[in-house]
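To be precise, the following lines are work_16.txt, and they hold compact mmCIF, C-alpha atoms and all ligand atoms.
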# COMPACT_ATOMS: atom_id res chain seq x y z
CA MET A 61 -4.91 35.22 18.78
CA LYS A 62 -7.66 34.39 21.22
CA SER A 63 -11.14 33.55 20.11
CA LYS A 64 -14.23 34.01 22.19
CA SER A 65 -16.24 31.13 20.74
CA ALA A 66 -14.79 28.42 22.96
CA ASP A 67 -16.85 25.29 23.48
CA ASN A 68 -16.09 21.80 24.56
CA ALA A 69 -16.73 19.89 21.32
CA ALA A 70 -13.76 18.24 19.60
CA PRO A 71 -12.78 19.64 16.19
CA ASP A 72 -13.24 17.60 13.03
CA PRO A 73 -10.31 15.10 13.02
CA SER A 74 -9.66 15.67 9.30
CA GLU A 75 -8.97 19.35 9.99
CA LEU A 76 -6.63 18.85 12.92
CA PRO A 77 -2.92 19.61 12.69
CA ARG A 78 -0.89 16.42 12.76
CA HIS A 79 1.78 17.97 14.97
CA VAL A 80 1.19 20.61 17.65
CA ALA A 81 4.13 22.26 19.45
CA VAL A 82 3.70 24.36 22.59
CA ILE A 83 5.80 26.97 24.36
CA MET A 84 4.38 26.73 27.88
CA ASP A 85 5.01 30.18 29.30
CA GLY A 86 3.74 32.18 32.26
CA ASN A 87 4.08 29.85 35.25
CA GLY A 88 6.15 32.42 37.16
CA ARG A 89 3.73 35.28 36.45
CA TRP A 90 0.78 33.09 37.44
CA ALA A 91 2.44 32.51 40.83
CA LYS A 92 3.52 36.13 41.25
CA LYS A 93 -0.03 37.38 40.67
CA ARG A 94 -1.08 35.23 43.63
CA MET A 95 1.95 36.13 45.76
CA LEU A 96 3.07 32.51 45.60
CA ASN A 97 6.49 30.97 45.05
CA ARG A 98 7.32 30.42 41.34
CA VAL A 99 7.43 26.68 41.99
CA LYS A 100 3.67 26.73 42.69
CA GLY A 101 3.23 28.09 39.18
CA HIS A 102 5.24 25.20 37.75
CA GLU A 103 3.17 22.74 39.79
CA ARG A 104 -0.04 24.13 38.34
CA GLY A 105 1.67 24.17 34.95
CA ALA A 106 2.29 20.44 35.27
CA ASP A 107 -1.48 19.96 35.75
CA THR A 108 -2.05 21.85 32.50
CA VAL A 109 0.46 19.52 30.80
CA ARG A 110 -1.69 16.56 31.88
CA THR A 111 -4.83 18.23 30.49
CA VAL A 112 -3.22 19.06 27.14
CA VAL A 113 -1.67 15.60 26.73
CA ARG A 114 -4.99 13.90 27.51
CA THR A 115 -6.99 16.17 25.25
CA SER A 116 -4.52 15.75 22.38
CA ARG A 117 -4.64 11.98 22.59
CA GLU A 118 -8.42 11.93 22.90
CA ILE A 119 -9.06 14.05 19.80
CA GLY A 120 -6.43 12.39 17.62
CA ILE A 121 -3.36 14.66 17.52
CA ARG A 122 -0.49 12.45 16.32
CA TYR A 123 2.48 14.46 17.60
CA LEU A 124 2.58 16.81 20.58
CA THR A 125 5.85 18.58 21.45
CA LEU A 126 6.19 20.56 24.68
CA TYR A 127 9.03 22.95 25.56
CA ALA A 128 9.62 21.81 29.15
CA PHE A 129 13.17 23.08 29.82
CA SER A 130 15.41 25.19 27.59
CA THR A 131 19.21 25.34 27.53
CA GLU A 132 18.81 28.88 28.96
CA ASN A 133 16.74 27.55 31.90
CA TRP A 134 19.97 26.17 33.44
CA GLN A 135 20.67 29.80 34.42
CA ARG A 136 17.66 29.89 36.79
CA PRO A 137 18.20 29.62 40.57
CA GLN A 138 19.24 26.10 41.58
CA THR A 139 16.14 25.72 43.80
CA GLU A 140 13.87 26.34 40.80
CA ILE A 141 15.85 23.93 38.60
CA THR A 142 15.63 21.24 41.29
CA ALA A 143 11.89 21.82 41.64
CA LEU A 144 11.39 21.51 37.87
CA MET A 145 13.39 18.27 37.78
CA THR A 146 11.29 16.89 40.65
CA LEU A 147 8.12 17.84 38.78
CA LEU A 148 9.34 16.05 35.67
CA LYS A 149 10.03 12.90 37.67
CA ARG A 150 6.65 13.15 39.37
CA PHE A 151 4.98 13.62 36.00
CA LEU A 152 6.54 10.42 34.67
CA ASP A 153 5.70 8.52 37.88
CA SER A 154 2.06 9.48 37.60
CA GLU A 155 1.66 9.35 33.80
CA THR A 156 3.67 6.37 32.57
CA ARG A 157 0.80 3.94 33.26
CA GLU A 158 -1.60 6.24 31.42
CA MET A 159 0.80 6.58 28.47
CA ILE A 160 1.00 2.79 28.19
CA ASP A 161 -2.78 2.37 28.48
CA ASN A 162 -3.42 5.11 25.92
CA ASN A 163 -0.82 4.01 23.38
CA ILE A 164 1.33 7.15 23.80
CA ARG A 165 5.04 7.02 23.01
CA LEU A 166 7.32 9.30 24.99
CA ASN A 167 10.18 10.97 23.13
CA VAL A 168 12.83 13.41 24.40
CA ILE A 169 14.70 16.02 22.38
CA GLY A 170 17.63 18.02 23.74
CA GLU A 171 20.70 17.37 25.84
CA LYS A 172 19.18 14.60 27.95
CA GLU A 173 22.66 13.73 29.19
CA ARG A 174 22.80 17.07 31.06
CA LEU A 175 19.84 16.14 33.26
CA PRO A 176 20.52 14.76 36.75
CA GLU A 177 21.17 11.02 36.63
CA ASP A 178 18.06 10.06 38.62
CA VAL A 179 15.88 12.07 36.21
CA GLN A 180 17.59 10.45 33.22
CA ASN A 181 16.91 7.02 34.72
CA VAL A 182 13.20 7.68 35.15
CA PHE A 183 13.05 8.98 31.58
CA ASP A 184 14.87 5.93 30.26
CA GLN A 185 12.36 3.64 31.97
CA THR A 186 9.36 5.46 30.47
CA LEU A 187 11.02 5.75 27.06
CA SER A 188 11.52 2.00 26.89
CA ALA A 189 8.10 1.19 28.43
CA THR A 190 6.33 3.25 25.74
CA ALA A 191 8.70 2.64 22.81
CA GLY A 192 6.27 0.38 20.93
CA ASN A 193 3.29 2.75 21.16
CA ASP A 194 2.02 4.46 18.04
CA GLY A 195 -1.18 6.29 19.00
CA MET A 196 0.51 9.61 19.75
CA CYS A 197 4.10 10.71 20.12
CA LEU A 198 4.59 13.01 23.13
CA THR A 199 7.92 14.80 22.81
CA LEU A 200 9.36 16.71 25.75
CA ALA A 201 12.06 19.23 24.84
CA LEU A 202 14.52 19.13 27.74
CA SER A 203 17.71 21.13 27.94
CA TYR A 204 16.75 21.97 24.38
CA GLY A 205 17.91 24.87 22.21
CA GLY A 206 17.18 25.27 18.51
CA ARG A 207 20.52 26.85 17.60
CA ALA A 208 22.46 24.13 19.43
CA GLU A 209 20.40 21.52 17.57
CA ILE A 210 21.23 23.06 14.18
CA ALA A 211 24.93 23.37 15.11
CA ARG A 212 24.91 19.70 16.13
CA ALA A 213 23.48 18.75 12.71
CA ALA A 214 26.10 20.91 10.96
CA ARG A 215 28.87 19.17 12.93
CA ALA A 216 27.53 15.76 11.90
CA ALA A 217 27.46 16.83 8.23
CA ALA A 218 31.00 18.27 8.49
CA GLN A 219 32.19 15.00 10.01
CA ALA A 220 30.58 12.99 7.18
CA PHE A 221 32.35 15.24 4.66
CA LYS A 222 35.66 14.94 6.51
CA ASP A 223 35.30 11.15 6.51
CA GLY A 224 34.81 11.21 2.75
CA GLN A 225 31.22 9.91 2.98
CA ILE A 226 29.61 12.87 1.18
CA ASP A 227 30.41 15.72 -1.20
CA VAL A 228 29.64 19.30 -0.03
CA THR A 229 26.87 19.52 -2.64
CA GLU A 230 25.02 16.78 -0.74
CA ILE A 231 24.54 19.05 2.28
CA THR A 232 20.94 20.02 1.53
CA PRO A 233 18.11 20.98 3.90
CA GLU A 234 16.81 17.40 3.63
CA TYR A 235 20.23 15.97 4.50
CA LEU A 236 20.64 18.27 7.54
CA SER A 237 17.09 17.47 8.70
CA GLY A 238 18.20 13.88 9.12
CA PHE A 239 20.62 14.95 11.85
CA LEU A 240 18.09 16.92 13.89
CA TYR A 241 16.58 15.49 17.07
CA THR A 242 13.29 15.52 15.18
CA ALA A 243 14.52 13.50 12.19
CA GLU A 244 11.74 10.94 12.68
CA ILE A 245 8.85 13.35 13.21
CA PRO A 246 7.10 15.77 10.84
CA ASP A 247 7.42 19.54 11.29
CA PRO A 248 4.68 21.08 13.45
CA GLU A 249 1.76 22.68 11.60
CA LEU A 250 0.78 24.64 14.71
CA LEU A 251 2.82 26.34 17.43
CA ILE A 252 0.95 27.67 20.46
CA ARG A 253 2.60 30.08 22.88
CA THR A 254 0.92 31.11 26.12
CA SER A 255 1.38 34.27 28.21
CA GLY A 256 1.29 36.74 25.32
CA GLU A 257 4.99 36.95 24.42
CA ILE A 258 5.39 37.09 20.64
CA ARG A 259 8.69 35.29 20.15
CA VAL A 260 9.95 31.77 19.53
CA SER A 261 12.65 31.62 22.23
CA ASN A 262 15.03 29.24 20.46
CA PHE A 263 12.34 26.54 20.09
CA LEU A 264 12.35 24.28 17.00
CA LEU A 265 13.93 27.04 14.91
CA TRP A 266 14.45 24.86 11.86
CA GLN A 267 11.16 22.95 12.13
CA ILE A 268 8.81 25.97 12.38
CA ALA A 269 9.77 27.50 9.02
CA TYR A 270 6.13 27.21 7.80
CA THR A 271 4.32 26.65 11.08
CA GLU A 272 1.21 28.65 11.99
CA ILE A 273 1.80 30.48 15.27
CA PHE A 274 -0.96 31.22 17.78
CA VAL A 275 -0.17 33.40 20.80
CA THR A 276 -2.66 33.58 23.63
CA PRO A 277 -2.40 35.97 26.59
CA THR A 278 -3.50 33.16 28.94
CA LEU A 279 -0.80 32.12 31.41
CA TRP A 280 0.07 28.43 31.06
CA PRO A 281 -1.45 27.30 34.41
CA ASP A 282 -4.76 28.92 33.33
CA PHE A 283 -4.74 27.36 29.84
CA THR A 284 -7.76 25.06 29.55
CA ARG A 285 -9.00 22.23 27.37
CA GLU A 286 -11.67 24.61 26.04
CA GLU A 287 -9.14 27.20 24.90
CA TYR A 288 -6.97 24.50 23.34
CA LEU A 289 -9.92 23.11 21.38
CA ASP A 290 -10.86 26.61 20.32
CA ILE A 291 -7.37 27.30 18.93
CA LEU A 292 -7.46 23.98 17.08
CA LYS A 293 -10.80 24.87 15.55
CA HIS A 294 -9.45 28.19 14.33
CA PHE A 295 -6.32 26.58 12.95
CA LYS A 296 -8.27 25.32 9.96
CA ASP A 297 -9.22 28.90 9.03
CA ARG A 298 -5.58 29.79 8.44
CA GLU A 299 -4.63 29.37 4.82
CA ARG A 300 -1.26 27.68 4.54
CA ARG A 301 0.41 28.66 1.23
CA PHE A 302 4.04 27.68 1.89
CA GLY A 303 5.26 30.67 -0.13
CA ARG A 304 3.01 29.85 -3.10
CA VAL A 305 0.06 31.92 -4.33
CA SER A 306 -3.51 31.27 -3.25
CA SER A 307 -5.37 28.68 -5.37
C1 LIG B 401 7.83 28.89 31.57
O1 LIG B 401 7.29 29.65 32.63
C2 LIG B 401 7.83 27.48 31.89
C3 LIG B 401 8.95 26.74 32.12
C4 LIG B 401 10.30 27.29 32.05
C5 LIG B 401 8.89 25.31 32.45
C6 LIG B 401 7.72 24.55 31.96
C7 LIG B 401 7.42 23.52 32.97
C8 LIG B 401 6.20 23.07 33.29
C9 LIG B 401 4.99 23.46 32.58
C10 LIG B 401 5.98 22.12 34.43
C11 LIG B 401 6.66 20.80 34.37
C12 LIG B 401 6.67 20.16 33.03
C13 LIG B 401 6.22 18.91 32.75
C14 LIG B 401 6.38 18.36 31.39
C15 LIG B 401 5.56 18.05 33.74
P1 LIG B 401 8.19 30.77 33.28
O2 LIG B 401 8.72 30.24 34.57
O3 LIG B 401 9.22 31.26 32.32
O4 LIG B 401 7.10 31.86 33.54
P2 LIG B 401 7.31 33.45 33.57
O5 LIG B 401 7.77 33.86 32.19
O6 LIG B 401 5.95 33.96 33.90
O7 LIG B 401 8.31 33.74 34.64

Once you've parsed the file, please lay out its structure as structure tokens.
Amino acid sequence: MKSKSADNAAPDPSELPRHVAVIMDGNGRWAKKRMLNRVKGHERGADTVRTVVRTSREIGIRYLTLYAFSTENWQRPQTEITALMTLLKRFLDSETREMIDNNIRLNVIGEKERLPEDVQNVFDQTLSATAGNDGMCLTLALSYGGRAEIARAARAAAQAFKDGQIDVTEITPEYLSGFLYTAEIPDPELLIRTSGEIRVSNFLLWQIAYTEIFVTPTLWPDFTREEYLDILKHFKDRERRFGRVSS
């Protein structure tokens, strides 16, 4: 959905989603359209990340989760993977100070241990430097896959059963939720996907059961603060019934 009534005013804070998740797609196509290397698209995409993080914090979003690198992305050419890792490090180098100053806590979901050691180290530094912040939680999904996350939770529950800690009847959705990477954060109310693809690509499969999904044709490097605010304003027009009837 893309609305035409974009303007720069912030939406009413009481009508904002508490948690916004984003599938940042279209960096490669943005570069291709300009006959540039795909990495240039990711570089411009990193600028959009800065804009969306800043805007979210400014208007009062409490949780922002960005799909930065999927488990499938390991199959990309090594040069592109290396460039993405460098961009992540550069992002933390340039943004950690701002996260501290703006009371933003960094969080990572996914197989962080699969990232190169130098990238893990930079992440660890920022994670501990921002651990006490409670203004907004910025979660980066890195080497993340929704199915792997659910399988990991199922393994933990099976282990608890095997160890005699629980009965099988105790394996409820609530119990399994406690083993997800996102155990401490609420499910997103809004999922935005850029570049027009209408699919969820293994992102937060469990957590988006009742999430409103907005797909915009805009490629991620072209996604602006104005379009973000516009989507947030239209979010309130969606009636969320959670399977119940309208009141
Ligand atoms: C999808 O575009 C995007 C990614 C796989 C990576 C997202 C990374 C960034 C936005 C930049 C770095 C991130 C941070 C947090 C600083 P694509 O390459 O799949 O685009 P395409 O579908 O057009 O080829």

Quick one: everything within 8 Å of range 293-295 of chain A, counting all atoms listed in the file, minus sequence neighbours fewer than 2 positions away in the same chain. Send it as a list in words.
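After dropping sequence-adjacent residues, the list is Pro71, Leu76, Pro77, Leu250, Glu272, Leu289, Asp290, Ile291, Asp297 and Arg298 of chain A.
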
Those selected residues, please, written with C-alpha atoms and delivered as an mmCIF file, in the coordinates of the input.
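Generated output (selection.cif):
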data_model
loop_
_atom_site.group_PDB
_atom_site.id
_atom_site.type_symbol
_atom_site.label_atom_id
_atom_site.label_comp_id
_atom_site.auth_asym_id
_atom_site.auth_seq_id
_atom_site.Cartn_x
_atom_site.Cartn_y
_atom_site.Cartn_z
ATOM 1 C CA PRO A 71 -12.780 19.640 16.190
ATOM 2 C CA LEU A 76 -6.630 18.850 12.920
ATOM 3 C CA PRO A 77 -2.920 19.610 12.690
ATOM 4 C CA LEU A 250 0.780 24.640 14.710
ATOM 5 C CA GLU A 272 1.210 28.650 11.990
ATOM 6 C CA LEU A 289 -9.920 23.110 21.380
ATOM 7 C CA ASP A 290 -10.860 26.610 20.320
ATOM 8 C CA ILE A 291 -7.370 27.300 18.930
ATOM 9 C CA ASP A 297 -9.220 28.900 9.030
ATOM 10 C CA ARG A 298 -5.580 29.790 8.440
#

Within 10 Å of Leu264 in chain A using only C-alpha atoms, minus same-chain residues under 5 positions, as a ChimeraX atom specification:
/A:81,125,127,201,204-207,209-210,240-242,247-248,251,269

How far is it from CA of Thr139 in chain A to CA of Gly88 in chain A, in Å with one decimal?
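Computing it gives 13.7 Å between the two atoms.
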
Write out as CSV the residues of chain A that have any atom within 8 Å of an atom of ligand LIG 401 (chain B), one row each with the nearest atom pair and its distance in Å to one decimal, counting all atoms listed in the file, sorted by chain and then rising number.
residue,atom,partner,partner_atom,distance
A:Ile83,CA,B:LIG401,C1,7.7
A:Met84,CA,B:LIG401,C2,5.3
A:Asp85,CA,B:LIG401,C1,3.8
A:Gly86,CA,B:LIG401,O6,3.3
A:Asn87,CA,B:LIG401,O4,4.0
A:Gly88,CA,B:LIG401,O7,3.6
A:Arg89,CA,B:LIG401,O6,3.6
A:Trp90,CA,B:LIG401,O6,6.3
A:Ala91,CA,B:LIG401,O6,7.9
A:Arg98,CA,B:LIG401,O2,6.9
A:Gly101,CA,B:LIG401,O2,7.5
A:His102,CA,B:LIG401,C10,4.6
A:Glu103,CA,B:LIG401,C10,6.1
A:Arg104,CA,B:LIG401,C10,7.5
A:Gly105,CA,B:LIG401,C9,4.1
A:Ala106,CA,B:LIG401,C10,4.1
A:Asp107,CA,B:LIG401,C15,7.6
A:Thr108,CA,B:LIG401,C9,7.2
A:Val109,CA,B:LIG401,C14,6.1
A:Arg110,CA,B:LIG401,C15,7.6
A:Leu126,CA,B:LIG401,C14,7.1
A:Tyr127,CA,B:LIG401,C6,6.7
A:Ala128,CA,B:LIG401,C6,4.4
A:Phe129,CA,B:LIG401,C5,5.5
A:Ser130,CA,B:LIG401,C4,7.1
A:Asn133,CA,B:LIG401,C4,6.4
A:Leu144,CA,B:LIG401,C11,5.9
A:Met145,CA,B:LIG401,C11,8.0
A:Leu147,CA,B:LIG401,C11,5.5
A:Leu148,CA,B:LIG401,C15,4.7
A:Lys149,CA,B:LIG401,C15,7.9
A:Arg150,CA,B:LIG401,C15,7.5
A:Phe151,CA,B:LIG401,C15,5.0
A:Leu152,CA,B:LIG401,C15,7.7
A:Leu200,CA,B:LIG401,C14,6.6
A:Ser255,CA,B:LIG401,O6,7.3
A:Leu279,CA,B:LIG401,O6,7.4
A:Trp280,CA,B:LIG401,C9,7.2
A:Pro281,CA,B:LIG401,C9,7.7

May I ask which of the residues A:Glu230, A:Val99, A:Ile164, A:Thr115 is the closest one to Pro137 in chain A, counting only C-alpha atoms?
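Smallest separation from Pro137 in chain A among the options: A:Val99.
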
Give the answer as one residue: which of A:Val260, A:Ala217, A:Leu96, A:Val82 has the shortest atom-to-atom distance to Ser237 in chain A, using all atoms listed in the file?
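With all atoms listed in the file as the atom set, the closest residue is A:Ala217.
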
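Put simply, CA of Ala208 in chain A is 13.5 Å away from CA of Gln267 in chain A.
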
For Pro73 in chain A, which of A:Glu171, A:Glu140, A:Glu155, A:Glu118 is the closest residue, counting all atoms listed in the file?
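Closest residue, counting all atoms listed in the file: A:Glu118.
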
Residues near Ser116 in chain A, cut-off 10 Å, only C-alpha atoms, skip fewer than 5 positions along chain, as a PyMOL selection string:
chain A and resi 70+79-80+110-111+121-124+196+198+285+288-289

Minimum-distance residue to Thr146 in chain A, chosen among A:Glu287, A:Gln180, A:Glu158, A:Thr131 (using all atoms listed in the file):
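Result for the nearest residue to Thr146 in chain A: A:Gln180.
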
Please return range 181-212 of chain A, rebuilt to N, CA and C atoms, as a tab-separated table (two decimals), keeping the file's coordinate frame.
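The result, stored in part_3.tsv:
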chain	number	residue	atom	x	y	z
A	181	ASN	N	17.32	8.42	34.53
A	181	ASN	CA	16.91	7.02	34.72
A	181	ASN	C	15.40	6.84	34.59
A	182	VAL	N	14.67	7.78	35.22
A	182	VAL	CA	13.20	7.68	35.15
A	182	VAL	C	12.75	7.85	33.69
A	183	PHE	N	13.40	8.79	32.99
A	183	PHE	CA	13.05	8.98	31.58
A	183	PHE	C	13.34	7.71	30.78
A	184	ASP	N	14.51	7.13	31.02
A	184	ASP	CA	14.87	5.93	30.26
A	184	ASP	C	13.84	4.82	30.45
A	185	GLN	N	13.36	4.69	31.70
A	185	GLN	CA	12.36	3.64	31.97
A	185	GLN	C	11.08	3.89	31.17
A	186	THR	N	10.62	5.16	31.19
A	186	THR	CA	9.36	5.46	30.47
A	186	THR	C	9.57	5.38	28.96
A	187	LEU	N	10.75	5.82	28.51
A	187	LEU	CA	11.02	5.75	27.06
A	187	LEU	C	10.96	4.30	26.59
A	188	SER	N	11.54	3.38	27.37
A	188	SER	CA	11.52	2.00	26.89
A	188	SER	C	10.14	1.36	27.11
A	189	ALA	N	9.44	1.77	28.19
A	189	ALA	CA	8.10	1.19	28.43
A	189	ALA	C	7.09	1.61	27.37
A	190	THR	N	7.32	2.75	26.72
A	190	THR	CA	6.33	3.25	25.74
A	190	THR	C	6.85	3.18	24.29
A	191	ALA	N	8.03	2.59	24.13
A	191	ALA	CA	8.70	2.64	22.81
A	191	ALA	C	7.85	2.04	21.68
A	192	GLY	N	7.03	1.04	21.99
A	192	GLY	CA	6.27	0.38	20.93
A	192	GLY	C	4.93	1.06	20.63
A	193	ASN	N	4.61	2.13	21.33
A	193	ASN	CA	3.29	2.75	21.16
A	193	ASN	C	3.25	3.65	19.92
A	194	ASP	N	2.09	3.65	19.26
A	194	ASP	CA	2.02	4.46	18.04
A	194	ASP	C	0.74	5.30	17.92
A	195	GLY	N	0.04	5.48	19.05
A	195	GLY	CA	-1.18	6.29	19.00
A	195	GLY	C	-0.88	7.78	18.93
A	196	MET	N	0.05	8.21	19.78
A	196	MET	CA	0.51	9.61	19.75
A	196	MET	C	1.95	9.65	20.25
A	197	CYS	N	2.72	10.54	19.66
A	197	CYS	CA	4.10	10.71	20.12
A	197	CYS	C	4.16	12.00	20.95
A	198	LEU	N	4.45	11.85	22.24
A	198	LEU	CA	4.59	13.01	23.13
A	198	LEU	C	6.08	13.30	23.27
A	199	THR	N	6.51	14.43	22.72
A	199	THR	CA	7.92	14.80	22.81
A	199	THR	C	8.10	15.89	23.85
A	200	LEU	N	9.00	15.66	24.80
A	200	LEU	CA	9.36	16.71	25.75
A	200	LEU	C	10.72	17.27	25.34
A	201	ALA	N	10.78	18.58	25.14
A	201	ALA	CA	12.06	19.23	24.84
A	201	ALA	C	12.70	19.59	26.18
A	202	LEU	N	13.86	18.99	26.43
A	202	LEU	CA	14.52	19.13	27.74
A	202	LEU	C	15.97	19.53	27.53
A	203	SER	N	16.39	20.57	28.20
A	203	SER	CA	17.71	21.13	27.94
A	203	SER	C	17.87	21.28	26.43
A	204	TYR	N	16.82	21.86	25.83
A	204	TYR	CA	16.75	21.97	24.38
A	204	TYR	C	17.00	23.41	23.95
A	205	GLY	N	17.74	23.57	22.85
A	205	GLY	CA	17.91	24.87	22.21
A	205	GLY	C	17.99	24.66	20.71
A	206	GLY	N	17.23	25.45	19.95
A	206	GLY	CA	17.18	25.27	18.51
A	206	GLY	C	18.52	25.52	17.82
A	207	ARG	N	19.23	26.56	18.25
A	207	ARG	CA	20.52	26.85	17.60
A	207	ARG	C	21.52	25.73	17.85
A	208	ALA	N	21.53	25.23	19.09
A	208	ALA	CA	22.46	24.13	19.43
A	208	ALA	C	22.11	22.90	18.59
A	209	GLU	N	20.82	22.68	18.37
A	209	GLU	CA	20.40	21.52	17.57
A	209	GLU	C	20.89	21.64	16.12
A	210	ILE	N	20.78	22.85	15.56
A	210	ILE	CA	21.23	23.06	14.18
A	210	ILE	C	22.76	22.93	14.10
A	211	ALA	N	23.46	23.47	15.10
A	211	ALA	CA	24.93	23.37	15.11
A	211	ALA	C	25.37	21.90	15.20
A	212	ARG	N	24.62	21.13	15.97
A	212	ARG	CA	24.91	19.70	16.13
A	212	ARG	C	24.75	18.99	14.77
